[in-house]
Amino acid sequence: MAPRLDLIVRNTDRVISMVPGQTLIAGRTAQCDLQLDDPSVSRRHCSITYTDSGILQVKDLDSANGTFVNERQVKEATARPGDLVRLGAAIIEIPFLGRLLCVADFYDALTSARAYRDAMTADEAIRMIEKGAGHHFDPAVAAALVRLSERGELNVDAMPSQIMDMLSVKAVP
């Protein structure tokens with residue numbers, strides 16, 4: 001099952017946590033799961049579904065001003081980490097860092113000994129991450145980790161920054 005996903009409503013202090021299988025309705029009315037106080041947002045603007053396989057589906061609900069993913073108007077679309085979903089002037093950000101840390105944390109958990117099991121080898125952990133790509137982990141992040149491992153360049157202490165470099169993602173201060 002995919003990990004919890006936090007969505008950030010830009011220019012506010014709001015963070016919306018979603019769990020796999022959850023759908024929320026975004027719009028202007030109090031009946032919406034995510035209420036946005038913006039006159040350009042329809043009463044029931046769009047639905048956002050976080051699937052059990054870790055995919056975020058965005059569906060416009062016949063809004064007056066449209067739903068946009070990375071400034072491309074959509075009726076239905078898949079959103080990925082780093083994408084921006086715009087409803088009127090409201091922008092919902094899907095943070096990339098959470099997906100990156102999810103893979104790094106999983107790798108660390110597998111390769112660390114626990115009271116109830118021995119540590120896995122790095123190769124075993126990489127293969128498990130590779131199998132979970134697209135289901136439990138962001139496929140681009142998992143692929144970058146696999147490439148680093150295959151090239152013998154994986155430095156566990158610097159893993160998040162190494163993956164960001166490989167994907168050409170800039171750190172946000």
# chains A, B, ... in the order shown; residues from 1 in each chain; ligands from 1
>>> select_by_dssp(residues="stretch 54-168 of chain A", states="strand (DSSP E)", output="PyMOL selection string")
chain A and resi 56-60+67-69+72-74+76-79+84-87+90-93
>>> select_by_dssp(residues="stretch 47-171 of chain A", states="helix (DSSP H, G or I)", output="JSON, numbers by chain")
{"A": [96, 97, 98, 99, 100, 101, 102, 103, 104, 105, 106, 107, 108, 109, 110, 111, 122, 123, 124, 125, 126, 127, 128, 129, 130, 131, 132, 139, 140, 141, 142, 143, 144, 145, 146, 147, 148, 149, 150, 156, 157, 158, 159, 160, 161, 162, 163, 164, 165, 166]}
>>> closest_residue(among="A:Leu36, A:Val74, A:Ala26, A:Ile94", to="A:Leu7", atoms="only C-alpha atoms")
A:Ile94
>>> atom_distance(atom1="atom CA of A:Gly82", atom2="atom CA of A:Val141")
11.9 Å
>>> closest_residue(among="A:Ile48, A:Ala64, A:Leu87, A:Leu154", to="A:Tyr107", atoms="only C-alpha atoms")
A:Leu154
>>> atom_distance(atom1="atom CA of A:Asn155", atom2="atom CA of A:Ala119")
17.2 Å
>>> atom_distance(atom1="atom CA of A:Ala79", atom2="atom CA of A:Asp6")
13.2 Å
>>> closest_residue(among="A:Arg114, A:Lys75, A:Arg28, A:Lys59", to="A:Ser42", atoms="only C-alpha atoms")
A:Arg28
>>> residues_around(residues="A:Tyr50", least_positions_apart="3", cutoff="7 Å", atoms="only C-alpha atoms", output="CSV table (one decimal) with N, CA and C atoms, in the first residue's frame")
chain,number,residue,atom,x,y,z
A,18,MET,N,-3.6,12.8,2.8
A,18,MET,CA,-4.5,11.8,2.2
A,18,MET,C,-3.9,10.4,2.4
A,19,VAL,N,-4.7,9.5,2.5
A,19,VAL,CA,-4.3,8.1,2.7
A,19,VAL,C,-4.8,7.3,1.4
A,20,PRO,N,-4.1,6.3,1.1
A,20,PRO,CA,-4.5,5.5,-0.1
A,20,PRO,C,-6.0,5.1,-0.1
A,21,GLY,N,-6.6,5.3,-1.2
A,21,GLY,CA,-8.0,4.9,-1.3
A,21,GLY,C,-9.0,6.1,-1.0
A,22,GLN,N,-8.4,7.2,-0.6
A,22,GLN,CA,-9.2,8.4,-0.2
A,22,GLN,C,-9.5,9.3,-1.4
A,23,THR,N,-10.7,9.8,-1.5
A,23,THR,CA,-11.1,10.8,-2.5
A,23,THR,C,-11.6,12.0,-1.7
A,54,GLY,N,-0.8,4.4,-5.2
A,54,GLY,CA,0.0,5.6,-5.0
A,54,GLY,C,-0.1,6.7,-6.1
A,55,ILE,N,-1.1,6.5,-6.9
A,55,ILE,CA,-1.3,7.5,-8.0
A,55,ILE,C,-2.4,8.5,-7.6
A,56,LEU,N,-2.2,9.8,-8.0
A,56,LEU,CA,-3.1,10.8,-7.6
A,56,LEU,C,-3.9,11.2,-8.9
A,57,GLN,N,-5.2,10.9,-8.9
A,57,GLN,CA,-6.1,11.2,-10.0
A,57,GLN,C,-6.8,12.5,-9.7
>>> residues_around(residues="A:Thr67", least_positions_apart="4", cutoff="10 Å", atoms="only C-alpha atoms", output="PDB file with all heavy atoms, in the first residue's frame")
ATOM      1  N   VAL A  41     -13.258  29.637  -7.894  1.00  0.00           N
ATOM      2  CA  VAL A  41     -13.398  28.198  -7.675  1.00  0.00           C
ATOM      3  C   VAL A  41     -14.887  27.877  -7.638  1.00  0.00           C
ATOM      4  O   VAL A  41     -15.661  28.557  -6.961  1.00  0.00           O
ATOM      5  CB  VAL A  41     -12.709  27.777  -6.347  1.00  0.00           C
ATOM      6  CG1 VAL A  41     -13.014  26.329  -6.010  1.00  0.00           C
ATOM      7  CG2 VAL A  41     -11.206  28.015  -6.433  1.00  0.00           C
ATOM      8  N   HIS A  45     -15.633  21.859  -7.411  1.00  0.00           N
ATOM      9  CA  HIS A  45     -14.726  22.123  -8.529  1.00  0.00           C
ATOM     10  C   HIS A  45     -14.110  20.844  -9.106  1.00  0.00           C
ATOM     11  O   HIS A  45     -14.164  20.616 -10.300  1.00  0.00           O
ATOM     12  CB  HIS A  45     -13.627  23.086  -8.074  1.00  0.00           C
ATOM     13  CG  HIS A  45     -12.955  23.774  -9.200  1.00  0.00           C
ATOM     14  ND1 HIS A  45     -13.239  25.069  -9.557  1.00  0.00           N
ATOM     15  CD2 HIS A  45     -11.994  23.349 -10.064  1.00  0.00           C
ATOM     16  CE1 HIS A  45     -12.493  25.419 -10.588  1.00  0.00           C
ATOM     17  NE2 HIS A  45     -11.725  24.388 -10.908  1.00  0.00           N
ATOM     18  N   CYS A  46     -13.485  20.042  -8.244  1.00  0.00           N
ATOM     19  CA  CYS A  46     -12.840  18.824  -8.734  1.00  0.00           C
ATOM     20  C   CYS A  46     -12.757  17.780  -7.631  1.00  0.00           C
ATOM     21  O   CYS A  46     -12.923  18.091  -6.456  1.00  0.00           O
ATOM     22  CB  CYS A  46     -11.443  19.122  -9.292  1.00  0.00           C
ATOM     23  SG  CYS A  46     -10.162  19.380  -8.064  1.00  0.00           S
ATOM     24  N   SER A  47     -12.487  16.555  -8.058  1.00  0.00           N
ATOM     25  CA  SER A  47     -12.208  15.486  -7.094  1.00  0.00           C
ATOM     26  C   SER A  47     -10.741  15.119  -7.216  1.00  0.00           C
ATOM     27  O   SER A  47     -10.150  15.195  -8.309  1.00  0.00           O
ATOM     28  CB  SER A  47     -13.091  14.260  -7.347  1.00  0.00           C
ATOM     29  OG  SER A  47     -12.756  13.641  -8.571  1.00  0.00           O
ATOM     30  N   VAL A  58      -6.839  13.391 -10.660  1.00  0.00           N
ATOM     31  CA  VAL A  58      -7.562  14.661 -10.551  1.00  0.00           C
ATOM     32  C   VAL A  58      -8.653  14.653 -11.611  1.00  0.00           C
ATOM     33  O   VAL A  58      -8.380  14.357 -12.776  1.00  0.00           O
ATOM     34  CB  VAL A  58      -6.604  15.855 -10.773  1.00  0.00           C
ATOM     35  CG1 VAL A  58      -7.348  17.173 -10.704  1.00  0.00           C
ATOM     36  CG2 VAL A  58      -5.458  15.817  -9.773  1.00  0.00           C
ATOM     37  N   LYS A  59      -9.881  14.975 -11.205  1.00  0.00           N
ATOM     38  CA  LYS A  59     -11.005  14.974 -12.149  1.00  0.00           C
ATOM     39  C   LYS A  59     -11.816  16.253 -11.971  1.00  0.00           C
ATOM     40  O   LYS A  59     -12.290  16.552 -10.874  1.00  0.00           O
ATOM     41  CB  LYS A  59     -11.890  13.753 -11.910  1.00  0.00           C
ATOM     42  CG  LYS A  59     -13.033  13.648 -12.892  1.00  0.00           C
ATOM     43  CD  LYS A  59     -13.838  12.391 -12.649  1.00  0.00           C
ATOM     44  CE  LYS A  59     -14.966  12.309 -13.648  1.00  0.00           C
ATOM     45  NZ  LYS A  59     -15.816  11.151 -13.392  1.00  0.00           N
ATOM     46  N   ASP A  60     -11.962  17.004 -13.054  1.00  0.00           N
ATOM     47  CA  ASP A  60     -12.771  18.215 -13.035  1.00  0.00           C
ATOM     48  C   ASP A  60     -14.245  17.814 -12.931  1.00  0.00           C
ATOM     49  O   ASP A  60     -14.688  16.857 -13.564  1.00  0.00           O
ATOM     50  CB  ASP A  60     -12.539  19.018 -14.321  1.00  0.00           C
ATOM     51  CG  ASP A  60     -13.249  20.359 -14.287  1.00  0.00           C
ATOM     52  OD1 ASP A  60     -12.734  21.270 -13.608  1.00  0.00           O
ATOM     53  OD2 ASP A  60     -14.313  20.471 -14.919  1.00  0.00           O
ATOM     54  N   LEU A  61     -15.001  18.536 -12.100  1.00  0.00           N
ATOM     55  CA  LEU A  61     -16.426  18.243 -11.908  1.00  0.00           C
ATOM     56  C   LEU A  61     -17.273  19.281 -12.638  1.00  0.00           C
ATOM     57  O   LEU A  61     -18.170  19.885 -12.058  1.00  0.00           O
ATOM     58  CB  LEU A  61     -16.751  18.196 -10.409  1.00  0.00           C
ATOM     59  CG  LEU A  61     -16.000  17.126  -9.604  1.00  0.00           C
ATOM     60  CD1 LEU A  61     -16.319  17.243  -8.125  1.00  0.00           C
ATOM     61  CD2 LEU A  61     -16.301  15.729 -10.128  1.00  0.00           C
ATOM     62  N   ASP A  62     -16.972  19.487 -13.905  1.00  0.00           N
ATOM     63  CA  ASP A  62     -17.670  20.470 -14.744  1.00  0.00           C
ATOM     64  C   ASP A  62     -17.625  21.866 -14.127  1.00  0.00           C
ATOM     65  O   ASP A  62     -18.626  22.589 -14.098  1.00  0.00           O
ATOM     66  CB  ASP A  62     -19.120  20.034 -15.004  1.00  0.00           C
ATOM     67  CG  ASP A  62     -19.183  18.747 -15.800  1.00  0.00           C
ATOM     68  OD1 ASP A  62     -18.337  18.584 -16.717  1.00  0.00           O
ATOM     69  OD2 ASP A  62     -20.049  17.907 -15.514  1.00  0.00           O
ATOM     70  N   SER A  63     -16.450  22.246 -13.657  1.00  0.00           N
ATOM     71  CA  SER A  63     -16.268  23.565 -13.059  1.00  0.00           C
ATOM     72  C   SER A  63     -16.381  24.656 -14.120  1.00  0.00           C
ATOM     73  O   SER A  63     -16.172  24.397 -15.310  1.00  0.00           O
ATOM     74  CB  SER A  63     -14.900  23.654 -12.377  1.00  0.00           C
ATOM     75  OG  SER A  63     -13.873  23.552 -13.342  1.00  0.00           O
ATOM     76  N   GLU A  71      -0.571  23.862 -15.423  1.00  0.00           N
ATOM     77  CA  GLU A  71      -1.112  24.876 -16.340  1.00  0.00           C
ATOM     78  C   GLU A  71      -1.691  24.299 -17.628  1.00  0.00           C
ATOM     79  O   GLU A  71      -1.885  25.021 -18.594  1.00  0.00           O
ATOM     80  CB  GLU A  71      -0.075  25.967 -16.641  1.00  0.00           C
ATOM     81  CG  GLU A  71       0.258  26.803 -15.428  1.00  0.00           C
ATOM     82  CD  GLU A  71      -0.980  27.425 -14.756  1.00  0.00           C
ATOM     83  OE1 GLU A  71      -1.881  27.921 -15.445  1.00  0.00           O
ATOM     84  OE2 GLU A  71      -1.025  27.406 -13.511  1.00  0.00           O
ATOM     85  N   ARG A  72      -1.981  23.013 -17.632  1.00  0.00           N
ATOM     86  CA  ARG A  72      -2.667  22.394 -18.769  1.00  0.00           C
ATOM     87  C   ARG A  72      -4.068  22.023 -18.291  1.00  0.00           C
ATOM     88  O   ARG A  72      -4.226  21.298 -17.312  1.00  0.00           O
ATOM     89  CB  ARG A  72      -1.912  21.147 -19.228  1.00  0.00           C
ATOM     90  CG  ARG A  72      -2.506  20.500 -20.471  1.00  0.00           C
ATOM     91  CD  ARG A  72      -1.655  19.326 -20.939  1.00  0.00           C
ATOM     92  NE  ARG A  72      -1.504  18.282 -19.948  1.00  0.00           N
ATOM     93  CZ  ARG A  72      -2.365  17.263 -19.783  1.00  0.00           C
ATOM     94  NH1 ARG A  72      -3.428  17.156 -20.517  1.00  0.00           N
ATOM     95  NH2 ARG A  72      -2.130  16.344 -18.864  1.00  0.00           N
ATOM     96  N   GLN A  73      -5.088  22.555 -18.975  1.00  0.00           N
ATOM     97  CA  GLN A  73      -6.456  22.277 -18.560  1.00  0.00           C
ATOM     98  C   GLN A  73      -6.781  20.809 -18.790  1.00  0.00           C
ATOM     99  O   GLN A  73      -6.453  20.249 -19.833  1.00  0.00           O
ATOM    100  CB  GLN A  73      -7.460  23.156 -19.316  1.00  0.00           C
ATOM    101  CG  GLN A  73      -8.856  23.033 -18.747  1.00  0.00           C
ATOM    102  CD  GLN A  73      -9.805  24.090 -19.287  1.00  0.00           C
ATOM    103  OE1 GLN A  73      -9.462  24.850 -20.196  1.00  0.00           O
ATOM    104  NE2 GLN A  73     -10.981  24.147 -18.714  1.00  0.00           N
ATOM    105  N   VAL A  74      -7.412  20.199 -17.775  1.00  0.00           N
ATOM    106  CA  VAL A  74      -7.712  18.769 -17.843  1.00  0.00           C
ATOM    107  C   VAL A  74      -9.147  18.497 -17.418  1.00  0.00           C
ATOM    108  O   VAL A  74      -9.728  19.240 -16.629  1.00  0.00           O
ATOM    109  CB  VAL A  74      -6.755  17.958 -16.938  1.00  0.00           C
ATOM    110  CG1 VAL A  74      -5.309  18.123 -17.381  1.00  0.00           C
ATOM    111  CG2 VAL A  74      -6.908  18.332 -15.477  1.00  0.00           C
ATOM    112  N   LYS A  75      -9.702  17.457 -17.973  1.00  0.00           N
ATOM    113  CA  LYS A  75     -10.974  16.913 -17.481  1.00  0.00           C
ATOM    114  C   LYS A  75     -10.661  15.828 -16.460  1.00  0.00           C
ATOM    115  O   LYS A  75     -11.326  15.692 -15.448  1.00  0.00           O
ATOM    116  CB  LYS A  75     -11.809  16.326 -18.637  1.00  0.00           C
ATOM    117  CG  LYS A  75     -12.490  17.375 -19.461  1.00  0.00           C
ATOM    118  CD  LYS A  75     -13.588  18.009 -18.657  1.00  0.00           C
ATOM    119  CE  LYS A  75     -14.309  19.083 -19.424  1.00  0.00           C
ATOM    120  NZ  LYS A  75     -15.126  19.889 -18.554  1.00  0.00           N
ATOM    121  N   GLU A  76      -9.646  15.047 -16.776  1.00  0.00           N
ATOM    122  CA  GLU A  76      -9.171  13.994 -15.892  1.00  0.00           C
ATOM    123  C   GLU A  76      -7.692  13.822 -16.156  1.00  0.00           C
ATOM    124  O   GLU A  76      -7.258  13.831 -17.309  1.00  0.00           O
ATOM    125  CB  GLU A  76      -9.913  12.688 -16.201  1.00  0.00           C
ATOM    126  CG  GLU A  76      -9.934  11.732 -15.059  1.00  0.00           C
ATOM    127  CD  GLU A  76     -10.953  10.614 -15.272  1.00  0.00           C
ATOM    128  OE1 GLU A  76     -12.052  10.874 -15.779  1.00  0.00           O
ATOM    129  OE2 GLU A  76     -10.596   9.486 -14.928  1.00  0.00           O
ATOM    130  N   ALA A  77      -6.898  13.690 -15.093  1.00  0.00           N
ATOM    131  CA  ALA A  77      -5.450  13.572 -15.279  1.00  0.00           C
ATOM    132  C   ALA A  77      -4.814  12.891 -14.080  1.00  0.00           C
ATOM    133  O   ALA A  77      -5.398  12.842 -12.991  1.00  0.00           O
ATOM    134  CB  ALA A  77      -4.826  14.953 -15.473  1.00  0.00           C
ATOM    135  N   VAL A  85      -1.590  21.632  -9.107  1.00  0.00           N
ATOM    136  CA  VAL A  85      -2.985  21.545  -9.521  1.00  0.00           C
ATOM    137  C   VAL A  85      -3.612  22.891  -9.217  1.00  0.00           C
ATOM    138  O   VAL A  85      -3.583  23.345  -8.070  1.00  0.00           O
ATOM    139  CB  VAL A  85      -3.723  20.410  -8.773  1.00  0.00           C
ATOM    140  CG1 VAL A  85      -5.186  20.352  -9.187  1.00  0.00           C
ATOM    141  CG2 VAL A  85      -3.025  19.068  -9.015  1.00  0.00           C
ATOM    142  N   ARG A  86      -4.154  23.551 -10.256  1.00  0.00           N
ATOM    143  CA  ARG A  86      -4.737  24.885 -10.056  1.00  0.00           C
ATOM    144  C   ARG A  86      -6.231  24.827 -10.261  1.00  0.00           C
ATOM    145  O   ARG A  86      -6.735  24.305 -11.242  1.00  0.00           O
ATOM    146  CB  ARG A  86      -4.125  25.898 -11.019  1.00  0.00           C
ATOM    147  CG  ARG A  86      -4.668  27.315 -10.794  1.00  0.00           C
ATOM    148  CD  ARG A  86      -3.916  28.361 -11.568  1.00  0.00           C
ATOM    149  NE  ARG A  86      -3.937  28.192 -13.007  1.00  0.00           N
ATOM    150  CZ  ARG A  86      -4.952  28.562 -13.794  1.00  0.00           C
ATOM    151  NH1 ARG A  86      -6.040  29.110 -13.280  1.00  0.00           N
ATOM    152  NH2 ARG A  86      -4.866  28.392 -15.102  1.00  0.00           N
ATOM    153  N   LEU A  87      -6.944  25.391  -9.285  1.00  0.00           N
ATOM    154  CA  LEU A  87      -8.395  25.553  -9.323  1.00  0.00           C
ATOM    155  C   LEU A  87      -8.644  27.038  -9.131  1.00  0.00           C
ATOM    156  O   LEU A  87      -8.445  27.555  -8.038  1.00  0.00           O
ATOM    157  CB  LEU A  87      -9.087  24.785  -8.188  1.00  0.00           C
ATOM    158  CG  LEU A  87      -8.518  23.411  -7.802  1.00  0.00           C
ATOM    159  CD1 LEU A  87      -9.173  22.902  -6.551  1.00  0.00           C
ATOM    160  CD2 LEU A  87      -8.716  22.448  -8.931  1.00  0.00           C
ATOM    161  N   GLY A  88      -9.042  27.743 -10.169  1.00  0.00           N
ATOM    162  CA  GLY A  88      -9.146  29.199 -10.062  1.00  0.00           C
ATOM    163  C   GLY A  88      -7.765  29.752  -9.764  1.00  0.00           C
ATOM    164  O   GLY A  88      -6.793  29.444 -10.433  1.00  0.00           O
TER     165      GLY A  88
END
>>> residues_around(residues="A:Thr121", least_positions_apart="5", cutoff="12 Å", atoms="only C-alpha atoms", output="list of chain:residue names")
A:Tyr107, A:Asp108, A:Ala109, A:Leu110, A:Thr111, A:Ser112, A:Ala113, A:Ile126, A:Arg127, A:Met128
>>> write_last_selection(atoms="all heavy atoms", output="short mmCIF file (atom, residue, chain, number, x, y, z; two decimals), in the first residue's frame")
data_model
loop_
_atom_site.label_atom_id
_atom_site.label_comp_id
_atom_site.auth_asym_id
_atom_site.auth_seq_id
_atom_site.Cartn_x
_atom_site.Cartn_y
_atom_site.Cartn_z
N TYR A 107 14.37 2.11 2.09
CA TYR A 107 15.68 1.49 1.88
C TYR A 107 16.41 1.35 3.22
O TYR A 107 16.94 0.30 3.56
CB TYR A 107 16.51 2.32 0.91
CG TYR A 107 17.90 1.77 0.67
CD1 TYR A 107 18.13 0.85 -0.34
CD2 TYR A 107 18.98 2.17 1.45
CE1 TYR A 107 19.40 0.33 -0.56
CE2 TYR A 107 20.25 1.66 1.25
CZ TYR A 107 20.45 0.74 0.24
OH TYR A 107 21.71 0.22 0.04
N ASP A 108 16.40 2.43 4.00
CA ASP A 108 17.06 2.41 5.31
C ASP A 108 16.44 1.37 6.23
O ASP A 108 17.15 0.64 6.92
CB ASP A 108 16.99 3.80 5.95
CG ASP A 108 17.69 3.84 7.29
OD1 ASP A 108 18.91 3.58 7.34
OD2 ASP A 108 17.00 4.09 8.30
N ALA A 109 15.11 1.29 6.23
CA ALA A 109 14.43 0.32 7.09
C ALA A 109 14.79 -1.11 6.71
O ALA A 109 14.99 -1.97 7.58
CB ALA A 109 12.91 0.52 7.02
N LEU A 110 14.88 -1.38 5.41
CA LEU A 110 15.20 -2.73 4.96
C LEU A 110 16.64 -3.11 5.24
O LEU A 110 16.94 -4.27 5.55
CB LEU A 110 14.93 -2.88 3.46
CG LEU A 110 13.48 -2.83 3.01
CD1 LEU A 110 13.41 -2.91 1.50
CD2 LEU A 110 12.67 -3.94 3.65
N THR A 111 17.55 -2.17 5.12
CA THR A 111 18.98 -2.48 5.27
C THR A 111 19.48 -2.31 6.70
O THR A 111 20.67 -2.47 6.95
CB THR A 111 19.83 -1.63 4.31
OG1 THR A 111 19.58 -0.24 4.57
CG2 THR A 111 19.50 -1.96 2.85
N SER A 112 18.58 -2.00 7.62
CA SER A 112 18.94 -1.88 9.03
C SER A 112 18.40 -3.10 9.79
O SER A 112 17.28 -3.54 9.56
CB SER A 112 18.33 -0.62 9.65
OG SER A 112 18.81 0.53 8.99
N ALA A 113 19.21 -3.63 10.68
CA ALA A 113 18.78 -4.77 11.50
C ALA A 113 17.70 -4.32 12.48
O ALA A 113 17.72 -3.20 12.98
CB ALA A 113 19.98 -5.36 12.24
N ILE A 126 17.19 -2.95 -2.96
CA ILE A 126 17.02 -2.30 -4.26
C ILE A 126 15.99 -3.06 -5.09
O ILE A 126 15.12 -2.47 -5.73
CB ILE A 126 18.37 -2.21 -5.02
CG1 ILE A 126 19.33 -1.26 -4.30
CG2 ILE A 126 18.16 -1.80 -6.47
CD1 ILE A 126 18.93 0.19 -4.31
N ARG A 127 16.05 -4.39 -5.09
CA ARG A 127 15.10 -5.20 -5.86
C ARG A 127 13.67 -5.01 -5.33
O ARG A 127 12.73 -4.95 -6.12
CB ARG A 127 15.47 -6.69 -5.85
CG ARG A 127 16.78 -7.01 -6.50
CD ARG A 127 16.89 -6.53 -7.96
NE ARG A 127 18.27 -6.23 -8.27
CZ ARG A 127 18.71 -5.08 -8.76
NH1 ARG A 127 17.89 -4.10 -9.01
NH2 ARG A 127 19.97 -4.87 -9.00
N MET A 128 13.50 -4.89 -4.03
CA MET A 128 12.15 -4.66 -3.47
C MET A 128 11.63 -3.29 -3.90
O MET A 128 10.45 -3.14 -4.23
CB MET A 128 12.16 -4.79 -1.95
CG MET A 128 12.23 -6.23 -1.50
SD MET A 128 11.90 -6.40 0.26
CE MET A 128 10.15 -6.11 0.31
#
>>> closest_residue(among="A:Leu145, A:Val69, A:Ile16, A:Leu84", to="A:Phe106", atoms="only C-alpha atoms")
A:Leu145
